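Enquirer: Structure in structure tokens, see below.
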Amino acid sequence: SSRRISALLQDRSGILWVGTEDDGLYRLNPSTGLFDHYQPSSTDPLTISSRNIRAIYEDKNGHLWIGGRNGINLFDRESEQFTRYQRDPGDSSSLSNDYVLSIFADHSGVLWFGTFGGGLSKYVQANERFNLFQHQPSVASSLDNDIIYAVLEDQMGVVWVGTMDGGLNRLDPDTGNLTALINNPADTNSLANNDVRALLEDQSGALWIGTYGGGLNRYDPRTGRFSRYLYNPNRPDSLSESRVTALYEDRAGNLWVGTRSGGLNLLDPQTGQ
């Protein structure tokens, strides 16, 4: 088994799914403590397509979607088989890029896939087509960067996209236009860093952004201002380091903040500490 875990999901039935960087997918049955192991076979197209797993997502119908270095896999629990969705250079309605970093479904059930270099792919299951959102240098309302680490739909139906160097992008669901919210060195109320690795909307509707170098940021959609939670070596109650890679809100409203090498942080949003 692999020691390098890159994705985790507990599904609605309590099963734990573990994605690894180099050893495929594991399923843990908590009642028995036993693991099932899924890895690719070059002779069987109904196996998982890659040993590298970056994202696991369960949709509202209980279907399991797995993304990694070789496209998307849809797992059929009855047959224990995978359906692969991969880029076809001859088909503009196929997946934009085979390295999938993030998966999210919006309120209508439409799936969004963030890729490493291919931008954002929107998958409408009814017609089995992908609509692509990519950076176009001559189009101001296009995606600001094609490496997508995080995708989120907020309570208002706005889709937020975390990019590697293009900041936080806001996708208007009605027009399909994108607006980039980026760092302004002269404005401390702007995004602290343009490399966005994690997104979370809390119970109050505030948006939390984990950046890779600018710590944790909180965005208030009403004011359009960012608040920053930064690493300060002189303050033991500050963030432990500036590279934030994972965010989770628990039932009590506390925010759990995972970092690259500074361990796990617990933030009380009420006190800011």
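FYI, nothing fancy with the structure tokens labels: chains A, B, ... in order, residues from 1 per chain, ligands from 1 as they appear.
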Excluding same-chain residues fewer than 3 positions from A:Asn169, what lies within 12 Å of it counting only C-alpha atoms, as a VMD selection string?

Expert: chain A and resid 119 to 120 133 to 135 140 to 153 158 to 166 172 176 to 183 191 194 to 196 199 209

Enquirer: Take the residues that were just selected and, keeping C-alpha atoms, output them as a short mmCIF file (atom, residue, chain, number, x, y, z; two decimals), in the first residue's frame.

Expert:
data_model
loop_
_atom_site.label_atom_id
_atom_site.label_comp_id
_atom_site.auth_asym_id
_atom_site.auth_seq_id
_atom_site.Cartn_x
_atom_site.Cartn_y
_atom_site.Cartn_z
CA GLY A 119 -8.89 24.87 -17.57
CA LEU A 120 -12.38 24.01 -16.36
CA PHE A 133 -13.74 27.26 -19.96
CA GLN A 134 -10.15 28.15 -20.77
CA HIS A 135 -7.77 31.10 -20.71
CA ALA A 140 -10.90 39.64 -20.62
CA SER A 141 -13.90 37.60 -19.42
CA SER A 142 -12.14 34.25 -19.89
CA LEU A 143 -10.47 32.11 -17.21
CA ASP A 144 -7.30 33.75 -15.88
CA ASN A 145 -5.26 30.53 -15.67
CA ASP A 146 -5.76 26.94 -16.89
CA ILE A 147 -4.49 25.12 -13.77
CA ILE A 148 -7.53 24.62 -11.52
CA TYR A 149 -7.04 23.36 -7.97
CA ALA A 150 -10.50 24.06 -6.56
CA VAL A 151 -14.10 24.60 -7.71
CA LEU A 152 -17.07 25.63 -5.56
CA GLU A 153 -20.65 26.83 -6.04
CA VAL A 158 -22.03 31.61 -8.33
CA VAL A 159 -19.20 29.24 -9.30
CA TRP A 160 -15.80 30.10 -7.81
CA VAL A 161 -12.63 28.76 -9.37
CA GLY A 162 -9.25 28.60 -7.63
CA THR A 163 -6.36 28.82 -10.11
CA MET A 164 -2.62 28.31 -9.77
CA ASP A 165 -1.49 31.81 -10.73
CA GLY A 166 -4.66 33.55 -11.88
CA ASP A 172 -21.39 34.21 -13.66
CA GLY A 176 -20.62 32.35 -18.54
CA ASN A 177 -18.28 35.31 -18.10
CA LEU A 178 -15.42 35.11 -15.63
CA THR A 179 -14.01 37.84 -13.41
CA ALA A 180 -10.59 37.41 -11.79
CA LEU A 181 -10.04 38.61 -8.21
CA ILE A 182 -6.28 38.93 -7.89
CA ASN A 183 -3.62 40.27 -5.58
CA LEU A 191 -6.39 38.46 -2.27
CA ASN A 194 -2.77 34.41 -6.68
CA ASP A 195 -2.08 30.68 -6.18
CA VAL A 196 -5.39 29.33 -4.81
CA LEU A 199 -12.07 26.87 -1.33
CA ILE A 209 -9.61 30.73 0.31
#

Enquirer: According to DSSP computed on the backbone, where in stretch 24-268 of chain A is there strand (DSSP E or B)? Give the residues as an NGL selection string.

Expert: :A and (25-29 or 34-38 or 41 or 44 or 53-58 or 64-68 or 71-76 or 81-85 or 100-105 or 111-116 or 120-124 or 129-133 or 147-153 or 159-163 or 168-171 or 178-181 or 196-201 or 207-212 or 216-220 or 225-229 or 231 or 239 or 243-249 or 255-259 or 264-267)

Enquirer: Tell me which of A:Gly114, A:Pro30, A:Gly215, A:Leu46 sits closest to A:Gly67, counting only C-alpha atoms.

Expert: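 The shortest atom-to-atom distance to A:Gly67 comes from A:Gly114.
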